[in-house]
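Printed here is input_7.cif (mmCIF, C-alpha atoms):
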```
data_model
loop_
_atom_site.label_atom_id
_atom_site.label_comp_id
_atom_site.auth_asym_id
_atom_site.auth_seq_id
_atom_site.Cartn_x
_atom_site.Cartn_y
_atom_site.Cartn_z
CA MET A 18 29.19 -106.22 -2.64
CA GLY A 19 30.59 -103.66 -0.13
CA THR A 20 30.94 -104.95 3.44
CA ASP A 21 30.10 -108.44 2.24
CA THR A 22 33.27 -108.42 0.15
CA LEU A 23 35.41 -107.44 3.12
CA ARG A 24 33.84 -110.20 5.22
CA ALA A 25 34.42 -112.66 2.39
CA VAL A 26 38.12 -111.82 2.24
CA ALA A 27 38.47 -112.07 6.01
CA ALA A 28 36.52 -115.34 6.17
CA ASP A 29 38.27 -117.03 3.26
CA ASP A 30 40.19 -120.16 4.07
CA PRO A 31 43.89 -119.08 4.06
CA ALA A 32 44.87 -121.91 1.73
CA GLU A 33 42.11 -120.99 -0.72
CA ARG A 34 43.07 -117.32 -0.52
CA ARG A 35 46.71 -118.15 -1.28
CA ARG A 36 45.61 -120.28 -4.23
CA GLU A 37 43.54 -117.40 -5.60
CA GLN A 38 46.41 -114.96 -5.09
CA ARG A 39 48.79 -117.23 -6.99
CA GLY A 40 46.28 -117.39 -9.83
CA TRP A 41 46.05 -113.59 -9.79
CA TYR A 42 49.85 -113.24 -10.11
CA PHE A 43 49.73 -115.23 -13.33
CA TYR A 44 47.82 -112.56 -15.22
CA ASP A 45 50.80 -110.24 -14.74
CA TRP A 46 52.95 -113.17 -15.90
CA ALA A 47 50.70 -113.57 -18.96
CA CYS A 48 50.23 -110.01 -20.24
CA SER A 49 53.50 -108.31 -19.26
CA VAL A 50 55.24 -110.08 -22.15
CA TYR A 51 53.14 -107.98 -24.53
CA SER A 52 54.31 -104.75 -22.91
CA THR A 53 57.97 -105.80 -22.90
CA SER A 54 58.60 -107.67 -26.14
CA VAL A 55 55.92 -106.13 -28.35
CA LEU A 56 55.38 -102.54 -27.26
CA THR A 57 58.80 -101.68 -25.81
CA VAL A 58 61.21 -103.58 -28.06
CA PHE A 59 60.02 -104.96 -31.38
CA LEU A 60 56.79 -103.48 -32.73
CA GLY A 61 57.76 -99.78 -32.94
CA PRO A 62 60.79 -100.18 -35.23
CA TYR A 63 59.19 -102.99 -37.24
CA LEU A 64 55.83 -101.30 -37.85
CA THR A 65 57.67 -98.12 -38.79
CA SER A 66 59.70 -100.03 -41.39
CA VAL A 67 56.52 -101.57 -42.82
CA ALA A 68 54.90 -98.13 -43.02
CA LYS A 69 57.97 -96.69 -44.75
CA SER A 70 57.89 -99.47 -47.34
CA ALA A 71 54.29 -98.47 -48.13
CA ALA A 72 55.00 -94.73 -48.17
CA ASP A 73 54.82 -92.53 -51.24
CA ALA A 74 57.75 -90.60 -52.69
CA ASP A 75 57.37 -87.91 -50.01
CA GLY A 76 57.47 -90.41 -47.15
CA TYR A 77 53.76 -90.35 -46.36
CA VAL A 78 51.19 -93.11 -45.93
CA HIS A 79 47.47 -92.36 -46.25
CA PRO A 80 45.32 -94.26 -43.72
CA LEU A 81 41.67 -93.41 -44.39
CA GLY A 82 42.90 -90.81 -46.90
CA VAL A 83 44.76 -88.80 -44.25
CA PRO A 84 48.42 -88.03 -45.05
CA VAL A 85 50.63 -89.30 -42.22
CA ARG A 86 54.42 -89.30 -42.13
CA ALA A 87 55.44 -92.96 -42.05
CA GLY A 88 57.78 -92.41 -39.12
CA SER A 89 54.86 -91.12 -37.02
CA PHE A 90 52.41 -93.94 -37.76
CA PHE A 91 53.39 -96.07 -34.76
CA ALA A 92 53.05 -93.15 -32.33
CA TYR A 93 49.66 -92.19 -33.76
CA SER A 94 48.47 -95.80 -33.48
CA VAL A 95 49.48 -95.89 -29.81
CA SER A 96 47.60 -92.62 -29.25
CA ALA A 97 44.52 -94.02 -30.97
CA SER A 98 44.64 -97.09 -28.73
CA VAL A 99 44.71 -94.82 -25.66
CA VAL A 100 41.58 -93.01 -26.89
CA VAL A 101 39.78 -96.34 -27.39
CA ALA A 102 40.85 -97.53 -23.94
CA ILE A 103 39.68 -94.31 -22.27
CA LEU A 104 36.25 -94.72 -23.85
CA VAL A 105 35.91 -98.37 -22.80
CA MET A 106 37.58 -98.50 -19.35
CA PRO A 107 34.87 -96.66 -17.35
CA LEU A 108 32.16 -98.80 -18.91
CA ALA A 109 34.11 -102.00 -18.20
CA GLY A 110 34.75 -100.98 -14.61
CA ALA A 111 31.11 -100.19 -13.92
CA ALA A 112 29.91 -103.40 -15.59
CA ALA A 113 32.34 -105.51 -13.56
CA ASP A 114 31.26 -103.95 -10.26
CA ARG A 115 27.52 -104.08 -10.93
CA SER A 116 27.39 -107.60 -12.35
CA GLY A 117 30.04 -109.15 -10.13
CA ARG A 118 31.09 -111.23 -13.14
CA LYS A 119 34.66 -110.11 -13.59
CA LYS A 120 36.15 -113.32 -14.96
CA PRO A 121 34.21 -113.33 -18.26
CA LEU A 122 35.20 -109.69 -18.85
CA LEU A 123 38.85 -110.41 -17.99
CA GLY A 124 38.83 -113.40 -20.35
CA LEU A 125 37.20 -111.43 -23.18
CA CYS A 126 39.77 -108.62 -22.98
CA ALA A 127 42.71 -110.98 -22.55
CA TYR A 128 41.86 -113.21 -25.51
CA LEU A 129 40.94 -110.33 -27.76
CA GLY A 130 44.35 -108.78 -27.04
CA ALA A 131 46.17 -112.10 -27.32
CA ALA A 132 44.52 -112.85 -30.67
CA ALA A 133 45.45 -109.41 -32.03
CA THR A 134 49.04 -109.87 -30.87
CA THR A 135 49.30 -113.34 -32.37
CA GLY A 136 47.91 -111.93 -35.62
CA MET A 137 50.95 -109.66 -35.86
CA PHE A 138 52.72 -112.66 -37.42
CA PHE A 139 50.97 -111.66 -40.66
CA LEU A 140 52.35 -108.11 -40.51
CA ASP A 141 54.68 -108.08 -43.50
CA GLY A 142 55.13 -106.38 -46.84
CA GLN A 143 53.18 -103.12 -46.83
CA ARG A 144 50.43 -104.12 -44.37
CA TYR A 145 50.91 -101.11 -42.10
CA LEU A 146 47.12 -100.63 -41.72
CA LEU A 147 46.81 -104.18 -40.39
CA GLY A 148 49.63 -103.45 -37.95
CA GLY A 149 47.97 -100.27 -36.75
CA LEU A 150 44.62 -101.98 -36.26
CA LEU A 151 46.14 -104.92 -34.36
CA LEU A 152 48.13 -102.52 -32.16
CA ILE A 153 45.01 -100.51 -31.31
CA VAL A 154 43.05 -103.67 -30.40
CA ALA A 155 45.88 -105.23 -28.38
CA ASN A 156 46.85 -102.06 -26.51
CA ALA A 157 43.27 -101.14 -25.65
CA SER A 158 42.56 -104.73 -24.59
CA VAL A 159 45.48 -104.92 -22.18
CA ALA A 160 44.49 -101.56 -20.64
CA VAL A 161 40.88 -102.61 -20.08
CA SER A 162 41.90 -106.05 -18.78
CA MET A 163 44.16 -104.39 -16.20
CA VAL A 164 41.16 -102.48 -14.81
CA VAL A 165 39.42 -105.78 -14.06
CA TYR A 166 42.65 -107.46 -12.91
CA ASN A 167 43.56 -104.68 -10.47
CA SER A 168 40.03 -104.59 -9.06
CA TYR A 169 40.51 -108.14 -7.74
CA LEU A 170 43.25 -107.00 -5.33
CA PRO A 171 40.93 -105.78 -2.51
CA GLN A 172 38.92 -109.00 -2.85
CA ILE A 173 41.75 -111.53 -2.68
CA ALA A 174 43.98 -109.88 -0.06
CA PRO A 175 43.14 -108.41 3.34
CA PRO A 176 44.63 -104.95 4.01
CA GLU A 177 47.78 -106.20 5.72
CA GLU A 178 48.69 -108.42 2.72
CA ARG A 179 48.09 -106.07 -0.18
CA ASP A 180 51.55 -104.47 -0.46
CA ALA A 181 53.18 -107.91 -0.62
CA VAL A 182 50.58 -109.38 -2.99
CA SER A 183 50.74 -106.40 -5.36
CA SER A 184 54.55 -106.46 -5.33
CA ARG A 185 54.63 -110.17 -6.14
CA GLY A 186 52.26 -109.56 -9.06
CA TRP A 187 54.59 -106.94 -10.52
CA ALA A 188 57.59 -109.21 -9.91
CA PHE A 189 55.87 -112.06 -11.79
CA GLY A 190 55.27 -109.71 -14.71
CA TYR A 191 58.85 -108.52 -14.91
CA ALA A 192 60.16 -112.08 -14.56
CA ALA A 193 58.03 -113.23 -17.49
CA GLY A 194 59.06 -110.22 -19.56
CA SER A 195 62.73 -111.00 -18.92
CA LEU A 196 62.38 -114.70 -19.72
CA VAL A 197 60.59 -114.21 -23.02
CA LEU A 198 62.77 -111.27 -24.03
CA VAL A 199 65.88 -113.45 -23.63
CA ALA A 200 64.33 -116.10 -25.90
CA ASN A 201 63.27 -113.44 -28.41
CA LEU A 202 66.73 -111.92 -28.52
CA VAL A 203 68.33 -115.32 -29.11
CA LEU A 204 66.03 -115.87 -32.08
CA PHE A 205 66.48 -112.32 -33.37
CA THR A 206 70.29 -112.21 -33.17
CA ALA A 207 70.80 -115.76 -34.48
CA HIS A 208 67.96 -115.86 -37.01
CA ASP A 209 70.25 -117.14 -39.76
CA SER A 210 71.11 -120.16 -37.64
CA PHE A 211 67.40 -120.91 -37.31
CA GLY A 212 66.90 -120.58 -41.08
CA VAL A 213 64.60 -117.55 -40.96
CA SER A 214 64.97 -113.97 -42.12
CA GLU A 215 65.25 -111.06 -39.69
CA SER A 216 61.71 -109.96 -40.60
CA THR A 217 60.32 -113.43 -39.96
CA ALA A 218 62.17 -113.60 -36.64
CA VAL A 219 60.54 -110.35 -35.53
CA ARG A 220 57.09 -111.59 -36.56
CA ILE A 221 57.65 -114.83 -34.60
CA CYS A 222 58.68 -112.78 -31.56
CA LEU A 223 55.52 -110.67 -31.84
CA ALA A 224 53.21 -113.67 -32.28
CA SER A 225 54.86 -115.64 -29.47
CA ALA A 226 53.90 -112.87 -27.02
CA GLY A 227 50.25 -113.32 -28.00
CA ILE A 228 50.42 -117.10 -27.59
CA TRP A 229 52.10 -116.69 -24.18
CA TRP A 230 49.44 -114.14 -23.13
CA GLY A 231 46.57 -116.43 -24.10
CA ALA A 232 48.07 -119.62 -22.66
CA PHE A 233 48.87 -118.29 -19.19
CA THR A 234 45.57 -116.38 -18.89
CA LEU A 235 44.01 -119.82 -18.32
CA VAL A 236 45.56 -119.90 -14.84
CA PRO A 237 43.80 -116.82 -13.37
CA LEU A 238 40.58 -117.76 -15.14
CA ARG A 239 40.65 -121.12 -13.36
CA ARG A 240 41.64 -119.84 -9.91
CA LEU A 241 39.97 -116.46 -9.47
CA ARG A 242 36.41 -116.42 -8.14
CA ASP A 243 33.57 -114.05 -8.94
CA ARG A 244 31.83 -112.49 -5.94
CA ARG A 245 28.11 -111.90 -5.82
CA THR A 246 26.99 -108.30 -5.86
CA THR A 247 23.94 -106.79 -4.23
CA SER A 248 23.98 -103.74 -6.50
CA SER A 249 20.90 -103.26 -8.68
CA ALA A 250 22.00 -99.96 -10.19
CA PRO A 251 21.96 -99.90 -13.99
CA ALA A 252 25.24 -99.65 -15.86
CA VAL A 253 26.11 -96.19 -17.17
CA HIS A 254 28.00 -95.84 -20.40
CA GLY A 255 31.38 -94.42 -21.33
CA TRP A 256 32.16 -90.87 -20.32
CA ARG A 257 28.92 -90.60 -18.29
CA GLN A 258 30.27 -93.36 -16.07
CA LEU A 259 33.63 -91.63 -15.77
CA ALA A 260 31.88 -88.40 -14.82
CA ALA A 261 29.82 -90.28 -12.23
CA THR A 262 32.99 -91.85 -10.80
CA VAL A 263 34.71 -88.47 -10.56
CA ARG A 264 31.63 -86.98 -8.84
CA ASP A 265 31.70 -89.85 -6.37
CA MET A 266 35.44 -89.26 -5.78
CA ARG A 267 34.71 -85.63 -4.93
CA GLY A 268 33.04 -87.04 -1.85
CA LYS A 269 36.37 -88.79 -1.11
CA PRO A 270 38.76 -85.81 -1.56
CA LEU A 271 41.74 -87.63 -0.05
CA THR A 272 41.37 -90.51 -2.52
CA LEU A 273 41.24 -87.92 -5.29
CA ALA A 274 44.32 -86.18 -3.84
CA PHE A 275 46.29 -89.44 -3.97
CA LEU A 276 45.14 -90.09 -7.53
CA LEU A 277 46.37 -86.61 -8.56
CA ALA A 278 49.78 -87.22 -6.98
CA TYR A 279 49.97 -90.62 -8.69
CA LEU A 280 48.95 -89.14 -12.04
CA ILE A 281 51.85 -86.69 -11.88
CA TYR A 282 54.70 -88.88 -10.66
CA ASN A 283 53.58 -91.84 -12.78
CA ASP A 284 53.61 -89.57 -15.84
CA GLY A 285 57.29 -89.01 -15.08
CA ILE A 286 57.90 -92.75 -14.70
CA GLN A 287 56.17 -93.61 -17.99
CA THR A 288 58.08 -90.88 -19.83
CA VAL A 289 61.44 -92.11 -18.54
CA ILE A 290 60.55 -95.63 -19.71
CA SER A 291 59.51 -94.50 -23.19
CA GLN A 292 62.24 -91.90 -23.76
CA ALA A 293 65.28 -93.53 -22.17
CA SER A 294 66.13 -95.36 -25.41
CA VAL A 295 65.86 -92.09 -27.36
CA TYR A 296 68.22 -90.45 -24.87
CA GLY A 297 70.62 -93.39 -25.15
CA SER A 298 70.69 -93.47 -28.94
CA GLU A 299 70.48 -89.77 -29.81
CA GLU A 300 72.38 -88.11 -26.96
CA LEU A 301 74.76 -90.87 -25.85
CA GLY A 302 75.33 -92.48 -29.27
CA LEU A 303 74.63 -96.05 -28.10
CA GLY A 304 73.76 -98.90 -30.47
CA GLN A 305 70.55 -100.92 -30.68
CA SER A 306 72.05 -104.01 -29.02
CA THR A 307 73.14 -101.91 -26.04
CA LEU A 308 69.67 -100.42 -25.68
CA ILE A 309 67.94 -103.81 -25.85
CA ALA A 310 70.35 -105.22 -23.27
CA ALA A 311 69.54 -102.25 -21.04
CA VAL A 312 65.80 -102.98 -21.35
CA LEU A 313 66.49 -106.57 -20.31
CA LEU A 314 68.53 -105.38 -17.34
CA VAL A 315 65.66 -103.16 -16.22
CA GLN A 316 63.25 -106.11 -16.44
CA VAL A 317 65.48 -108.43 -14.41
CA LEU A 318 66.24 -105.93 -11.65
CA ALA A 319 62.64 -104.75 -11.46
CA VAL A 320 61.76 -108.22 -10.09
CA GLY A 321 64.07 -107.80 -7.10
CA GLY A 322 63.13 -104.13 -6.80
CA ALA A 323 59.42 -104.89 -6.54
CA LEU A 324 59.94 -107.60 -3.93
CA GLY A 325 62.49 -105.57 -1.97
CA MET A 326 60.30 -102.47 -1.82
CA GLY A 327 57.39 -104.69 -0.77
CA ARG A 328 59.46 -105.77 2.26
CA LEU A 329 60.36 -102.15 3.00
CA ALA A 330 56.67 -101.27 2.92
CA ARG A 331 55.94 -103.89 5.57
CA LYS A 332 58.44 -102.15 7.86
CA TYR A 333 57.98 -98.47 6.99
CA GLY A 334 54.58 -98.35 5.26
CA ALA A 335 53.70 -98.00 1.58
CA LYS A 336 53.50 -94.20 1.60
CA ARG A 337 56.98 -93.67 3.04
CA THR A 338 58.46 -96.29 0.71
CA ILE A 339 56.89 -94.65 -2.35
CA LEU A 340 58.18 -91.26 -1.20
CA GLY A 341 61.65 -92.78 -0.89
CA SER A 342 61.37 -94.18 -4.41
CA LEU A 343 60.49 -90.71 -5.76
CA VAL A 344 63.68 -89.38 -4.18
CA ALA A 345 65.58 -92.22 -5.87
CA TRP A 346 63.96 -91.35 -9.24
CA THR A 347 65.03 -87.72 -8.82
CA VAL A 348 68.63 -88.66 -8.00
CA THR A 349 68.72 -91.15 -10.91
CA LEU A 350 67.60 -88.52 -13.43
CA GLY A 351 70.08 -86.03 -12.02
CA ALA A 352 72.87 -88.57 -12.52
CA GLY A 353 71.56 -89.36 -16.01
CA TYR A 354 72.06 -85.73 -17.01
CA PHE A 355 75.83 -86.14 -16.53
CA LEU A 356 76.27 -89.50 -18.30
CA PRO A 357 79.19 -89.38 -20.76
CA ALA A 358 78.46 -90.13 -24.42
CA GLY A 359 79.68 -93.42 -25.88
CA ALA A 360 80.00 -95.10 -22.46
CA PRO A 361 77.54 -98.02 -22.30
CA VAL A 362 78.72 -99.08 -18.82
CA TRP A 363 77.32 -95.92 -17.23
CA PHE A 364 74.09 -96.30 -19.20
CA PHE A 365 73.76 -99.81 -17.75
CA VAL A 366 74.27 -98.33 -14.27
CA LEU A 367 71.43 -95.90 -15.01
CA ALA A 368 69.25 -98.79 -16.24
CA ALA A 369 70.03 -100.72 -13.05
CA CYS A 370 68.93 -97.78 -10.89
CA ILE A 371 65.69 -97.47 -12.87
CA GLY A 372 65.02 -101.19 -12.55
CA MET A 373 65.47 -101.17 -8.78
CA VAL A 374 62.79 -98.51 -8.21
CA LEU A 375 60.48 -99.12 -11.19
CA GLY A 376 58.58 -102.20 -10.08
CA GLY A 377 58.26 -101.15 -6.45
CA SER A 378 56.97 -97.67 -7.27
CA GLN A 379 54.19 -99.12 -9.42
CA ALA A 380 53.33 -102.09 -7.18
CA LEU A 381 53.05 -100.07 -3.97
CA SER A 382 51.05 -97.32 -5.68
CA ARG A 383 48.52 -99.94 -6.76
CA SER A 384 48.26 -101.52 -3.31
CA LEU A 385 48.03 -98.14 -1.54
CA PHE A 386 45.24 -97.03 -3.87
CA SER A 387 43.34 -100.27 -3.15
CA HIS A 388 42.97 -99.11 0.48
CA LEU A 389 41.42 -95.83 -0.67
CA VAL A 390 38.66 -97.42 -2.80
CA PRO A 391 35.15 -97.65 -1.28
CA PRO A 392 34.04 -101.31 -1.00
CA GLY A 393 31.90 -102.37 -3.95
CA LYS A 394 33.43 -99.83 -6.34
CA GLU A 395 36.76 -101.53 -6.97
CA ALA A 396 36.61 -101.85 -10.77
CA GLU A 397 34.96 -98.46 -11.19
CA TYR A 398 37.69 -96.67 -9.21
CA PHE A 399 40.47 -98.73 -10.77
CA SER A 400 39.23 -97.67 -14.20
CA ALA A 401 40.06 -94.10 -13.17
CA TYR A 402 43.39 -95.33 -11.77
CA GLU A 403 44.22 -97.17 -14.98
CA MET A 404 43.36 -94.07 -17.01
CA SER A 405 45.88 -92.19 -14.88
CA ASP A 406 48.38 -94.96 -15.57
CA ARG A 407 47.85 -95.21 -19.33
CA GLY A 408 45.43 -92.63 -20.62
CA MET A 409 46.85 -89.50 -19.01
CA SER A 410 50.57 -90.11 -19.50
CA TRP A 411 51.02 -87.47 -22.19
CA LEU A 412 52.26 -84.45 -20.23
CA GLY A 413 55.70 -85.97 -19.71
CA PRO A 414 56.37 -86.71 -23.40
CA LEU A 415 55.03 -83.23 -24.24
CA LEU A 416 57.42 -81.56 -21.78
CA PHE A 417 60.29 -83.76 -22.98
CA GLY A 418 59.59 -82.85 -26.61
CA LEU A 419 59.13 -79.14 -25.95
CA THR A 420 62.32 -78.95 -23.90
CA TYR A 421 64.28 -80.59 -26.69
CA GLN A 422 62.66 -78.34 -29.28
CA LEU A 423 63.57 -75.20 -27.32
CA THR A 424 67.08 -76.22 -26.21
CA GLY A 425 68.21 -78.80 -28.78
CA SER A 426 69.54 -80.90 -25.88
CA TYR A 427 68.24 -84.29 -24.78
CA ARG A 428 70.12 -83.74 -21.52
CA ASP A 429 67.94 -80.75 -20.76
CA ALA A 430 64.90 -82.77 -21.84
CA ILE A 431 65.66 -85.67 -19.48
CA ILE A 432 66.38 -83.40 -16.49
CA SER A 433 63.10 -81.55 -17.06
CA LEU A 434 61.27 -84.69 -15.95
CA VAL A 435 62.53 -84.18 -12.39
CA ALA A 436 59.61 -81.76 -11.99
CA PHE A 437 57.11 -84.65 -12.10
CA PHE A 438 58.83 -86.48 -9.23
CA LEU A 439 59.26 -83.35 -7.10
CA ILE A 440 55.63 -82.24 -7.53
CA GLY A 441 54.38 -85.81 -7.03
CA PHE A 442 56.47 -86.10 -3.84
CA VAL A 443 55.00 -82.90 -2.39
CA LEU A 444 51.41 -83.85 -3.26
CA LEU A 445 51.73 -87.40 -1.92
CA ALA A 446 53.45 -86.23 1.28
CA ARG A 447 50.43 -84.04 2.02
CA VAL A 448 47.91 -86.91 1.79
CA PRO A 449 46.97 -88.25 5.28
CA VAL A 450 46.58 -91.83 4.11
CA ARG A 451 45.20 -93.22 7.37
CA GLN A 452 42.37 -90.71 7.28
CA ALA A 453 41.89 -91.43 3.57
CA VAL A 454 41.46 -95.15 4.32
CA ARG A 455 38.91 -94.40 7.05
CA ASP A 456 37.01 -91.98 4.79
CA ALA A 457 36.77 -94.73 2.13
CA GLY A 458 35.12 -97.02 4.69
CA ASN A 459 38.02 -99.50 4.94
CA PRO A 460 39.94 -100.86 7.96
CA VAL A 461 43.28 -99.10 8.53
CA PRO A 462 46.31 -101.44 8.35
CA GLU A 463 48.94 -101.27 11.05
CA ARG A 464 51.50 -100.09 8.48
CA ILE A 465 50.48 -97.87 5.57
#
```
Rewrite the coordinates I just gave you, this time as structure tokens.
Amino acid sequence: MGTDTLRAVAADDPAERRREQRGWYFYDWACSVYSTSVLTVFLGPYLTSVAKSAADADGYVHPLGVPVRAGSFFAYSVSASVVVAILVMPLAGAAADRSGRKKPLLGLCAYLGAAATTGMFFLDGQRYLLGGLLLIVANASVAVSMVVYNSYLPQIAPPEERDAVSSRGWAFGYAAGSLVLVANLVLFTAHDSFGVSESTAVRICLASAGIWWGAFTLVPLRRLRDRRTTSSAPAVHGWRQLAATVRDMRGKPLTLAFLLAYLIYNDGIQTVISQASVYGSEELGLGQSTLIAAVLLVQVLAVGGALGMGRLARKYGAKRTILGSLVAWTVTLGAGYFLPAGAPVWFFVLAACIGMVLGGSQALSRSLFSHLVPPGKEAEYFSAYEMSDRGMSWLGPLLFGLTYQLTGSYRDAIISLVAFFLIGFVLLARVPVRQAVRDAGNPVPERI
């Protein structure tokens, strides 16, 4: 692939390129509903309740004969899905690059995940093992599919378009998440009016995310094009491929430096997302309806945030805009430390601030990294990027939990996360991105 890919992007008919980009956006539209409705809102509490109904007198379930506290089963299932994804992502990335056939791999991962999510409709009674298995399959599938999806970005957008294209992709995802979450909440809160129980309403919400995911995946599969590859190197498996990718990155130390900065500040972002509801319920005493409404507010504002920060990047460059977002994250967490308990209005203000910087931080990080990837190794390098995004985001929750354990204060726990944004800011500020782009063998955009 390599230089041929760059020439192909440059030589593409603009109308055809726009058509392919619009198809690419729709995978974010398709799979983001899983992350929002299933993983963030409904599955955790529901799977925990199913596990508790199957627990013994001491509150334990026994998957594969191992005693597990029912309240921990969901978290352990998420962790298991991360392990599976880490094992598969490097292999998937290498196979996509070497074969050039990315669409079949994207379709396989998408429909495997969509089928598992749709199957969550049958998660009732005491079927906690079924729920855990479906969660592992769906979560690992979406992670691996994002490796392939992200690797299309350098192929469908020339350097000067990538910030905008990546931002629009994120905005599509948040828009879909908001739309479906509104429909889910209507069904959930008014389930009696629809003649279904609360449990059935939740299972419909879970399954509808899978149907949505599968249906809208048809759009990118129709519009994206596979590029021929000239590589004849054999595929390397699993961790050997990851080790080979890391060795290759050592020859691109500035790309590796950016990835380290991203790993750290993204760990902070992911921890804020996952722990904000805990902070709201346990420290601020807010109810479930308030927390769900806050999640919806984040989704809605993240659309405008992603697009707005994309426009800022065109004027100031992606690096400066990301650095500005890290300052905003730091200020937001500092303000969150002082939020009064029992005051949902101020929690909504905090959610609004998170929404405005969330989408842009992630979108611009993705587009900036795409400039630092050597041509022909897009999926391979994005597998390492995706592992940073999903597989390595455990330090933040660990620090959050340890801080709470030592201090007994969720306020101290939330403010401890500022360290990730400060360290990430310093590391990113030190990366000379123009030189990094040149070292990767890519043309340097006017603004980066």
I need the residue nearest Ala131 in chain A from this list: A:Val58, A:Ile228, A:Phe399, A:Arg451. Use only C-alpha atoms for the distance.
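Counting only C-alpha atoms, the residue closest to Ala131 in chain A is A:Ile228.
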Would you mind listing what lies within 7 Å of Val320 in chain A as number ranges by chain, with all atoms listed in the file counted and same-chain residues fewer than 6 positions away left out?
A: 188, 191-192, 376
Residues at most 10 Å from range 350-358 of chain A, counting all atoms listed in the file, excluding those fewer than 6 positions away in the same chain, as a ChimeraX atom specification?
/A:289,293,296-303,364,366-368,370-371,427-435,438
Selection as a PyMOL selection string: residues within 9 Å of (64.9, -97.3, -12.3), counting all atoms listed in the file:
chain A and resi 286+289-290+315+318-319+322+345-346+349+367-376
Output the residue selection produced by the PyMOL selection byres ((chain A and resi 66) around 10) on the file above, formatted as a list in words.
Leu60, Gly61, Pro62, Tyr63, Leu64, Thr65, Val67, Ala68, Lys69, Ser70, Ala71, Ala72, Ala87, Gly88, Phe91, Asp141, Gly142, Gln143 and Tyr145 of chain A
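When all atoms listed in the file are used to measure the gap to Leu129 in chain A, the shortest distance among A:Gly117, A:Gly231, A:Gly418, A:Gly334 belongs to A:Gly231.
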Would you compute the distance between CA of Ala112 in chain A and CA of Val263 in chain A? Give it in Å to one decimal.
16.5 Å
Residue IDs satisfying the PyMOL selection byres ((chain A and resi 464) around 10), as a VMD selection string:
chain A and resid 176 to 177 180 330 to 336 451 461 to 463 465
With all atoms of range 457-464 of chain A from the file as input, state the centre and edge lengths in Å to one decimal of the axis-aligned box that has 8 Å extra on each side, as JSON.
```
{"center_x": 43.3, "center_y": -98.1, "center_z": 6.6, "size_x": 32.4, "size_y": 22.7, "size_z": 24.9}
```
Which protein, DNA or RNA residues are at most 12 Å from (41.8, -92.9, -11.7) in the file's coordinates when you count all atoms listed in the file, listed as a tab-separated table (two decimals) with C-alpha atoms, in the frame of the given file?
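The file below, selection_27.tsv, is the result:
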```
chain	number	residue	atom	x	y	z
A	103	ILE	CA	39.68	-94.31	-22.27
A	106	MET	CA	37.58	-98.50	-19.35
A	107	PRO	CA	34.87	-96.66	-17.35
A	110	GLY	CA	34.75	-100.98	-14.61
A	164	VAL	CA	41.16	-102.48	-14.81
A	167	ASN	CA	43.56	-104.68	-10.47
A	259	LEU	CA	33.63	-91.63	-15.77
A	260	ALA	CA	31.88	-88.40	-14.82
A	262	THR	CA	32.99	-91.85	-10.80
A	263	VAL	CA	34.71	-88.47	-10.56
A	265	ASP	CA	31.70	-89.85	-6.37
A	266	MET	CA	35.44	-89.26	-5.78
A	272	THR	CA	41.37	-90.51	-2.52
A	273	LEU	CA	41.24	-87.92	-5.29
A	274	ALA	CA	44.32	-86.18	-3.84
A	275	PHE	CA	46.29	-89.44	-3.97
A	276	LEU	CA	45.14	-90.09	-7.53
A	277	LEU	CA	46.37	-86.61	-8.56
A	278	ALA	CA	49.78	-87.22	-6.98
A	279	TYR	CA	49.97	-90.62	-8.69
A	280	LEU	CA	48.95	-89.14	-12.04
A	281	ILE	CA	51.85	-86.69	-11.88
A	283	ASN	CA	53.58	-91.84	-12.78
A	382	SER	CA	51.05	-97.32	-5.68
A	383	ARG	CA	48.52	-99.94	-6.76
A	386	PHE	CA	45.24	-97.03	-3.87
A	387	SER	CA	43.34	-100.27	-3.15
A	389	LEU	CA	41.42	-95.83	-0.67
A	390	VAL	CA	38.66	-97.42	-2.80
A	395	GLU	CA	36.76	-101.53	-6.97
A	396	ALA	CA	36.61	-101.85	-10.77
A	397	GLU	CA	34.96	-98.46	-11.19
A	398	TYR	CA	37.69	-96.67	-9.21
A	399	PHE	CA	40.47	-98.73	-10.77
A	400	SER	CA	39.23	-97.67	-14.20
A	401	ALA	CA	40.06	-94.10	-13.17
A	402	TYR	CA	43.39	-95.33	-11.77
A	403	GLU	CA	44.22	-97.17	-14.98
A	404	MET	CA	43.36	-94.07	-17.01
A	405	SER	CA	45.88	-92.19	-14.88
A	406	ASP	CA	48.38	-94.96	-15.57
A	407	ARG	CA	47.85	-95.21	-19.33
A	408	GLY	CA	45.43	-92.63	-20.62
A	409	MET	CA	46.85	-89.50	-19.01
```
